[in-house]
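**Q** Handing you this structure, nothing more for now.
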Amino acid sequence: MKGLKRVFAVFACAAALACGSALAACGDEGGDVSCTVAMPDGAPALALAKLMVDDMQFGGEVDYSVVNANAIGAQVSGEQADICILPVNAAVQLAGSGEKYKLLGTVTHGNLYMLSAKYPETQITAQTLSSLAGKTVGCIQLSSFVGSVFKMILEANGVPYEVVESADAAVEDAVNLINIADPATGITPAAQFDYMIGAEPMVTAKTTAAPALKIVGDIQRLYGENGFPQAVMLVKSEVAENMPEFVSEFVSAVEANAEWIASDGAVMSDIVAAINANYGGATSSLNANNLNPTVISRCAIEFAPASECEEEIRDFIGAFCEVTGAELSVADGFFYE
């Protein structure tokens with residue numbers, strides 16, 4: 001039953017043969033082990049969709065827990081989750097030393113898009129970014145991840161920007177960035193902004209409800225050909241050390257999920273039901289109106305192991321720190337081997 005302590009009776013016996021007495025560090029002397037897997041609601045939860053739909057227990061039992069995005073950091077800072085998905089900047093801030101958690105890999109590579117009702121025929125590309133000078137761009141999470149990514153893009157392309165409080169304060173020679181505090185009311189055709197930046201699956205919900213809103217820019221393509229590391233998956237260092245076979249099997253399932261969720265075999269209603277079943281009584285932002293194969297593709301669900309995404313993450317965190325002034329460091333031991 002969800003929320004209760006999970007016992008890996010079968011797995012513990014098999015793992016003990018490979019790991020010896022080291023297994024005791026993760027549980028009782030008898031070899032009982034518990035494992036919790038936490039993820040924020042929304043696109044990151046799709047990275048584990050098949051695991052929840054099939055209720056994969058890996059020879060024992062696993063407790064999947066979907067939480068509000070604002071609360072996901074506590075799963076790592078409080079060492080509540082054995083495996084956790086969270087934004088890459090938060091992962092580095094909370095666990096970049098590699099002492100408590102290791103980074104298994106990147107699971108999503110960007111789900112951000114630019115919309116406009118005022119300029120629906122425009123397409124914003126790296127070559128046309130400068131055309132945003134003098135315009136207002138409303139942006140969700142302007143002071144955190146989303147806004148920082150867009151600032152990184154503008155700086156990389158030599159386009160000046162200013163953060164302003166409202167359209168009335170807009171300047172002519174820079175891109176005017178304005179925070180969207182509430183996407184529900186801030187991303188509409190009637191909003192004060194010339195352009196708006198939002199995230200899937202909300203983007204599809206908005207454009208479906210208001211056809212005047214059009215997607216006019218792909219933030220991932222503006223950043224680079226392969227997008228950027230957005231959500232990553234961490235594992236407790238003690239779990240990585242004492243249960244390598246489980247970790248390997250879990251990673252394989254996450255890799256398989258990326259292919260499955262883009263296939264005809266993925267039933268959207270089953271995915272939403274599984275996420276809701278693991279959300280502790282809350283209701284997911286994902287529903288039949290905003291989840292479909294197109295949205296799935298725009299969420300860029302793909303697992304890239306630590307060995308393949310280390311350089312990408314280091315580069316991203318370096319640029320993130322330059323834009324935000326944050327002091328984040330990534331230890332060599334942070335990346336799972």
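Lettering and numbering for the structure tokens are positional, with chains as A, B, ... in the shown order, residues counted from 1 in each chain, and ligands counted from 1 in the shown order.
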Given only C-alpha atoms, how would the per-residue table for region 264-318 of chain A near region 323-335 of chain A read, listing every residue at most 10 Å away with its closest atom pair and distance in Å to one decimal, sorted by chain and number, as a Markdown table?
**A**
| residue | atom | partner | partner_atom | distance |
| --- | --- | --- | --- | --- |
| A:Pro305 | CA | A:Phe335 | CA | 9.2 |
| A:Ala306 | CA | A:Phe335 | CA | 5.7 |
| A:Ser307 | CA | A:Phe335 | CA | 7.5 |
| A:Cys309 | CA | A:Phe335 | CA | 9.3 |
| A:Glu310 | CA | A:Phe335 | CA | 7.1 |
| A:Ile313 | CA | A:Val330 | CA | 9.0 |
| A:Arg314 | CA | A:Val330 | CA | 7.2 |
| A:Ile317 | CA | A:Leu328 | CA | 7.3 |
| A:Gly318 | CA | A:Leu328 | CA | 8.2 |
**Q** Those selected residues, please, written with N, CA, C and O atoms and delivered as an mmCIF file, in the first residue's frame.
**A**
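Output (out-v2.cif):
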data_model
loop_
_atom_site.group_PDB
_atom_site.id
_atom_site.type_symbol
_atom_site.label_atom_id
_atom_site.label_comp_id
_atom_site.auth_asym_id
_atom_site.auth_seq_id
_atom_site.Cartn_x
_atom_site.Cartn_y
_atom_site.Cartn_z
ATOM 1 N N PRO A 305 22.601 8.887 -19.575
ATOM 2 C CA PRO A 305 23.354 8.528 -18.372
ATOM 3 C C PRO A 305 24.401 9.570 -18.011
ATOM 4 O O PRO A 305 24.829 10.363 -18.851
ATOM 5 N N ALA A 306 24.815 9.521 -16.758
ATOM 6 C CA ALA A 306 25.767 10.509 -16.249
ATOM 7 C C ALA A 306 27.026 10.589 -17.104
ATOM 8 O O ALA A 306 27.567 11.676 -17.332
ATOM 9 N N SER A 307 27.480 9.444 -17.593
ATOM 10 C CA SER A 307 28.708 9.428 -18.390
ATOM 11 C C SER A 307 28.563 10.212 -19.687
ATOM 12 O O SER A 307 29.552 10.694 -20.238
ATOM 13 N N CYS A 309 26.146 12.851 -20.066
ATOM 14 C CA CYS A 309 25.631 14.215 -19.882
ATOM 15 C C CYS A 309 26.461 15.057 -18.925
ATOM 16 O O CYS A 309 26.102 16.204 -18.642
ATOM 17 N N GLU A 310 27.568 14.514 -18.415
ATOM 18 C CA GLU A 310 28.376 15.260 -17.445
ATOM 19 C C GLU A 310 28.858 16.592 -18.015
ATOM 20 O O GLU A 310 28.709 17.649 -17.381
ATOM 21 N N ILE A 313 26.033 19.078 -18.454
ATOM 22 C CA ILE A 313 25.558 19.629 -17.178
ATOM 23 C C ILE A 313 26.555 20.640 -16.631
ATOM 24 O O ILE A 313 26.166 21.709 -16.134
ATOM 25 N N ARG A 314 27.826 20.343 -16.712
ATOM 26 C CA ARG A 314 28.839 21.294 -16.235
ATOM 27 C C ARG A 314 28.751 22.609 -17.008
ATOM 28 O O ARG A 314 28.832 23.696 -16.419
ATOM 29 N N ILE A 317 25.485 24.481 -15.926
ATOM 30 C CA ILE A 317 25.588 25.067 -14.587
ATOM 31 C C ILE A 317 26.536 26.268 -14.601
ATOM 32 O O ILE A 317 26.293 27.281 -13.932
ATOM 33 N N GLY A 318 27.595 26.195 -15.391
ATOM 34 C CA GLY A 318 28.506 27.332 -15.492
ATOM 35 C C GLY A 318 27.810 28.563 -16.049
ATOM 36 O O GLY A 318 27.935 29.671 -15.505
#
**Q** Please report as a Markdown table every residue of region 238-331 of chain A lying within 7 Å of region 58-72 of chain A, along with the nearest atom pair and their distance in Å (one decimal), using only C-alpha atoms.
**A**
| residue | atom | partner | partner_atom | distance |
| --- | --- | --- | --- | --- |
| A:Ile275 | CA | A:Val66 | CA | 6.8 |
| A:Asn278 | CA | A:Ser65 | CA | 5.3 |
| A:Tyr279 | CA | A:Val66 | CA | 4.6 |
**Q** With N, CA, C and O atoms retained, could you export that selection as a PDB file, in the first residue's frame?
**A**
ATOM      1  N   ILE A 275      -0.253   8.435 -12.383  1.00  0.00           N
ATOM      2  CA  ILE A 275       0.330   9.597 -11.685  1.00  0.00           C
ATOM      3  C   ILE A 275      -0.578  10.032 -10.546  1.00  0.00           C
ATOM      4  O   ILE A 275      -0.118  10.286  -9.419  1.00  0.00           O
ATOM      5  N   ASN A 278      -0.439   7.948  -7.398  1.00  0.00           N
ATOM      6  CA  ASN A 278       0.762   8.089  -6.584  1.00  0.00           C
ATOM      7  C   ASN A 278       0.987   9.522  -6.097  1.00  0.00           C
ATOM      8  O   ASN A 278       2.072   9.862  -5.644  1.00  0.00           O
ATOM      9  N   TYR A 279      -0.070  10.344  -6.182  1.00  0.00           N
ATOM     10  CA  TYR A 279       0.057  11.767  -5.852  1.00  0.00           C
ATOM     11  C   TYR A 279      -0.460  12.096  -4.448  1.00  0.00           C
ATOM     12  O   TYR A 279      -0.700  13.254  -4.133  1.00  0.00           O
TER      13      TYR A 279
END
**Q** Neighbours of region 129-139 of chain A within 8 Å (only C-alpha atoms; same-chain residues fewer than 3 positions away dropped), as a ChimeraX atom specification?
**A** /A:124-126,142,146-147,154,157,159-161,167,170-180,193-198
**Q** Quick one: write out the picked residues with N, CA, C and O atoms as an mmCIF file, in the first residue's frame?
**A**
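As a result, result-v5.cif now contains:
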data_model
loop_
_atom_site.group_PDB
_atom_site.id
_atom_site.type_symbol
_atom_site.label_atom_id
_atom_site.label_comp_id
_atom_site.auth_asym_id
_atom_site.auth_seq_id
_atom_site.Cartn_x
_atom_site.Cartn_y
_atom_site.Cartn_z
ATOM 1 N N ILE A 124 10.408 32.974 -33.820
ATOM 2 C CA ILE A 124 11.616 33.449 -33.165
ATOM 3 C C ILE A 124 12.674 32.360 -33.217
ATOM 4 O O ILE A 124 12.513 31.277 -32.655
ATOM 5 N N THR A 125 13.758 32.643 -33.904
ATOM 6 C CA THR A 125 14.892 31.727 -34.021
ATOM 7 C C THR A 125 16.134 32.446 -33.520
ATOM 8 O O THR A 125 16.080 33.631 -33.165
ATOM 9 N N ALA A 126 17.253 31.752 -33.509
ATOM 10 C CA ALA A 126 18.499 32.389 -33.093
ATOM 11 C C ALA A 126 18.829 33.573 -33.991
ATOM 12 O O ALA A 126 19.429 34.565 -33.540
ATOM 13 N N LEU A 142 10.533 33.611 -13.848
ATOM 14 C CA LEU A 142 11.560 34.505 -14.389
ATOM 15 C C LEU A 142 12.806 34.546 -13.518
ATOM 16 O O LEU A 142 13.926 34.628 -14.029
ATOM 17 N N VAL A 146 13.366 28.825 -15.535
ATOM 18 C CA VAL A 146 12.924 29.187 -16.893
ATOM 19 C C VAL A 146 13.508 30.526 -17.321
ATOM 20 O O VAL A 146 14.066 30.656 -18.420
ATOM 21 N N GLY A 147 13.382 31.521 -16.446
ATOM 22 C CA GLY A 147 13.930 32.836 -16.783
ATOM 23 C C GLY A 147 15.424 32.798 -16.986
ATOM 24 O O GLY A 147 15.964 33.470 -17.890
ATOM 25 N N LEU A 154 19.721 34.741 -24.482
ATOM 26 C CA LEU A 154 19.901 36.118 -24.933
ATOM 27 C C LEU A 154 21.364 36.541 -24.832
ATOM 28 O O LEU A 154 21.911 37.161 -25.761
ATOM 29 N N ASN A 157 23.602 35.097 -27.483
ATOM 30 C CA ASN A 157 23.384 35.679 -28.812
ATOM 31 C C ASN A 157 23.602 37.192 -28.841
ATOM 32 O O ASN A 157 23.293 37.837 -29.844
ATOM 33 N N VAL A 159 22.117 39.601 -27.246
ATOM 34 C CA VAL A 159 20.893 40.405 -27.243
ATOM 35 C C VAL A 159 20.669 40.966 -25.845
ATOM 36 O O VAL A 159 20.510 40.202 -24.893
ATOM 37 N N PRO A 160 20.662 42.307 -25.689
ATOM 38 C CA PRO A 160 20.475 42.894 -24.359
ATOM 39 C C PRO A 160 19.063 42.702 -23.832
ATOM 40 O O PRO A 160 18.106 42.592 -24.616
ATOM 41 N N TYR A 161 18.930 42.653 -22.524
ATOM 42 C CA TYR A 161 17.611 42.497 -21.903
ATOM 43 C C TYR A 161 17.550 43.289 -20.605
ATOM 44 O O TYR A 161 18.575 43.616 -19.996
ATOM 45 N N ALA A 167 4.636 46.375 -18.611
ATOM 46 C CA ALA A 167 4.824 46.861 -19.974
ATOM 47 C C ALA A 167 5.024 48.372 -20.015
ATOM 48 O O ALA A 167 5.685 48.890 -20.924
ATOM 49 N N ALA A 170 8.691 49.388 -20.126
ATOM 50 C CA ALA A 170 9.510 48.803 -21.190
ATOM 51 C C ALA A 170 10.447 49.823 -21.811
ATOM 52 O O ALA A 170 10.117 51.005 -21.957
ATOM 53 N N VAL A 171 11.652 49.354 -22.178
ATOM 54 C CA VAL A 171 12.640 50.197 -22.844
ATOM 55 C C VAL A 171 12.710 49.791 -24.312
ATOM 56 O O VAL A 171 12.310 48.692 -24.694
ATOM 57 N N GLU A 172 13.265 50.659 -25.145
ATOM 58 C CA GLU A 172 13.247 50.426 -26.586
ATOM 59 C C GLU A 172 14.402 49.574 -27.084
ATOM 60 O O GLU A 172 14.284 48.881 -28.089
ATOM 61 N N ASP A 173 15.538 49.607 -26.389
ATOM 62 C CA ASP A 173 16.742 48.982 -26.943
ATOM 63 C C ASP A 173 17.103 47.649 -26.292
ATOM 64 O O ASP A 173 18.245 47.203 -26.358
ATOM 65 N N ALA A 174 16.142 47.007 -25.634
ATOM 66 C CA ALA A 174 16.417 45.720 -24.992
ATOM 67 C C ALA A 174 15.143 44.881 -24.954
ATOM 68 O O ALA A 174 14.032 45.402 -25.098
ATOM 69 N N VAL A 175 15.315 43.608 -24.752
ATOM 70 C CA VAL A 175 14.170 42.726 -24.544
ATOM 71 C C VAL A 175 13.667 42.949 -23.119
ATOM 72 O O VAL A 175 14.440 42.889 -22.165
ATOM 73 N N ASN A 176 12.398 43.215 -22.995
ATOM 74 C CA ASN A 176 11.825 43.528 -21.688
ATOM 75 C C ASN A 176 11.205 42.270 -21.074
ATOM 76 O O ASN A 176 10.182 41.772 -21.558
ATOM 77 N N LEU A 177 11.835 41.767 -20.040
ATOM 78 C CA LEU A 177 11.383 40.540 -19.388
ATOM 79 C C LEU A 177 10.511 40.878 -18.186
ATOM 80 O O LEU A 177 10.897 41.656 -17.317
ATOM 81 N N ILE A 178 9.326 40.263 -18.141
ATOM 82 C CA ILE A 178 8.357 40.511 -17.070
ATOM 83 C C ILE A 178 7.926 39.169 -16.492
ATOM 84 O O ILE A 178 7.607 38.233 -17.240
ATOM 85 N N ASN A 179 7.925 39.058 -15.193
ATOM 86 C CA ASN A 179 7.551 37.798 -14.566
ATOM 87 C C ASN A 179 6.053 37.519 -14.708
ATOM 88 O O ASN A 179 5.217 38.411 -14.567
ATOM 89 N N ILE A 180 5.729 36.271 -15.015
ATOM 90 C CA ILE A 180 4.339 35.814 -15.003
ATOM 91 C C ILE A 180 4.142 35.048 -13.701
ATOM 92 O O ILE A 180 4.601 33.907 -13.556
ATOM 93 N N PHE A 193 1.592 41.183 -22.585
ATOM 94 C CA PHE A 193 2.870 40.858 -23.207
ATOM 95 C C PHE A 193 2.770 40.683 -24.722
ATOM 96 O O PHE A 193 1.754 40.231 -25.247
ATOM 97 N N ASP A 194 3.864 41.031 -25.397
ATOM 98 C CA ASP A 194 3.960 40.746 -26.826
ATOM 99 C C ASP A 194 4.202 39.244 -27.039
ATOM 100 O O ASP A 194 3.667 38.645 -27.974
ATOM 101 N N TYR A 195 5.020 38.679 -26.168
ATOM 102 C CA TYR A 195 5.344 37.249 -26.219
ATOM 103 C C TYR A 195 5.290 36.687 -24.804
ATOM 104 O O TYR A 195 5.424 37.416 -23.831
ATOM 105 N N MET A 196 5.105 35.373 -24.722
ATOM 106 C CA MET A 196 5.055 34.707 -23.430
ATOM 107 C C MET A 196 5.824 33.396 -23.502
ATOM 108 O O MET A 196 5.811 32.732 -24.534
ATOM 109 N N ILE A 197 6.480 33.028 -22.406
ATOM 110 C CA ILE A 197 7.199 31.760 -22.334
ATOM 111 C C ILE A 197 6.536 30.881 -21.285
ATOM 112 O O ILE A 197 6.371 31.287 -20.129
ATOM 113 N N GLY A 198 6.135 29.682 -21.721
ATOM 114 C CA GLY A 198 5.492 28.732 -20.826
ATOM 115 C C GLY A 198 6.052 27.341 -21.046
ATOM 116 O O GLY A 198 6.941 27.124 -21.881
#
**Q** Just want the 12 Å neighbourhood of Ala47 (chain A), counted on only C-alpha atoms, with same-chain residues fewer than 3 positions away dropped. Output as JSON, numbers by chain.
**A** {"A": [38, 39, 40, 41, 42, 43, 44, 50, 51, 52, 53, 66, 84, 85, 86, 105, 106, 107, 108, 109, 230, 231, 232, 233, 250, 251, 253, 254, 255, 256, 257, 258, 259, 260, 261, 262, 271, 275, 296, 297, 299, 300, 301, 302, 303, 304]}
**Q** DSSP on the backbone, alpha helix (DSSP H) only: what residues of region 122-197 of chain A does that give? Format it as a PyMOL selection string.
**A** chain A and resi 145-156+183-186
**Q** Identify which of the residues A:Ala156, A:Leu46, A:Ala95, A:Ala74 lies closest to Ser237 (chain A), counting only C-alpha atoms when measuring atom-to-atom distances.
**A** A:Ala95
**Q** Would you please work out which residue, of A:Tyr101, A:Tyr336, A:Tyr223, A:Tyr113, is nearest to Val295 (chain A) when using only C-alpha atoms?
**A**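 So, comparing all the options, the nearest one is A:Tyr113.
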**Q** What is the distance between CA of Asn89 (chain A) and CA of Pro201 (chain A), in Å to one decimal?
**A**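 Value for the CA of Asn89 (chain A)-CA of Pro201 (chain A) distance: 21.2 Å.
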**Q** Please compute the CA of Gln93 (chain A)-CA of Ala199 (chain A) distance, one decimal, in Å.
**A**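 According to the coordinates, CA of Gln93 (chain A) and CA of Ala199 (chain A) are separated by 22.5 Å.
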**Q** Would you compute the distance between CA of Asp82 (chain A) and CA of Asn226 (chain A)? Give it in Å to one decimal.
**A**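 Rounded to one decimal, the two atoms are 29.0 Å apart.
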**Q** Nearest to Cys321 (chain A): which of A:Leu103, A:Val76, A:Leu48, A:Val149 is it, counting only C-alpha atoms?
**A**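 Checking each of A:Leu103, A:Val76, A:Leu48, A:Val149 against Cys321 (chain A), counting only C-alpha atoms, the winner is A:Val149.
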**Q** Just the strand (DSSP E) stuff from region 118-284 of chain A, please, per backbone DSSP, written as number ranges by chain.
**A** A: 136-140, 161-163, 175-180, 195-199, 214-218, 231-236
**Q** Only C-alpha atoms, please: the residues just picked out, written as an mmCIF file, in the first residue's frame.
**A**
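Saved as again-v4.cif:
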data_model
loop_
_atom_site.group_PDB
_atom_site.id
_atom_site.type_symbol
_atom_site.label_atom_id
_atom_site.label_comp_id
_atom_site.auth_asym_id
_atom_site.auth_seq_id
_atom_site.Cartn_x
_atom_site.Cartn_y
_atom_site.Cartn_z
ATOM 1 C CA THR A 136 7.749 42.623 -23.791
ATOM 2 C CA VAL A 137 8.254 38.952 -22.975
ATOM 3 C CA GLY A 138 6.293 37.504 -20.097
ATOM 4 C CA CYS A 139 8.064 34.529 -18.567
ATOM 5 C CA ILE A 140 7.070 31.969 -15.960
ATOM 6 C CA TYR A 161 17.611 42.497 -21.903
ATOM 7 C CA GLU A 162 16.063 44.266 -18.939
ATOM 8 C CA VAL A 163 13.863 42.897 -16.178
ATOM 9 C CA VAL A 175 14.170 42.726 -24.544
ATOM 10 C CA ASN A 176 11.825 43.528 -21.688
ATOM 11 C CA LEU A 177 11.383 40.540 -19.388
ATOM 12 C CA ILE A 178 8.357 40.511 -17.070
ATOM 13 C CA ASN A 179 7.551 37.798 -14.566
ATOM 14 C CA ILE A 180 4.339 35.814 -15.003
ATOM 15 C CA TYR A 195 5.344 37.249 -26.219
ATOM 16 C CA MET A 196 5.055 34.707 -23.430
ATOM 17 C CA ILE A 197 7.199 31.760 -22.334
ATOM 18 C CA GLY A 198 5.492 28.732 -20.826
ATOM 19 C CA ALA A 199 6.034 25.002 -20.350
ATOM 20 C CA LYS A 214 0.290 30.406 -31.278
ATOM 21 C CA ILE A 215 3.607 28.749 -30.556
ATOM 22 C CA VAL A 216 6.203 31.012 -32.167
ATOM 23 C CA GLY A 217 9.439 29.772 -30.667
ATOM 24 C CA ASP A 218 11.132 26.633 -29.346
ATOM 25 C CA ALA A 231 15.205 17.399 -15.014
ATOM 26 C CA VAL A 232 17.756 14.934 -13.677
ATOM 27 C CA MET A 233 17.564 11.780 -11.577
ATOM 28 C CA LEU A 234 19.511 11.335 -8.361
ATOM 29 C CA VAL A 235 20.080 8.237 -6.254
ATOM 30 C CA LYS A 236 21.240 8.104 -2.659
#
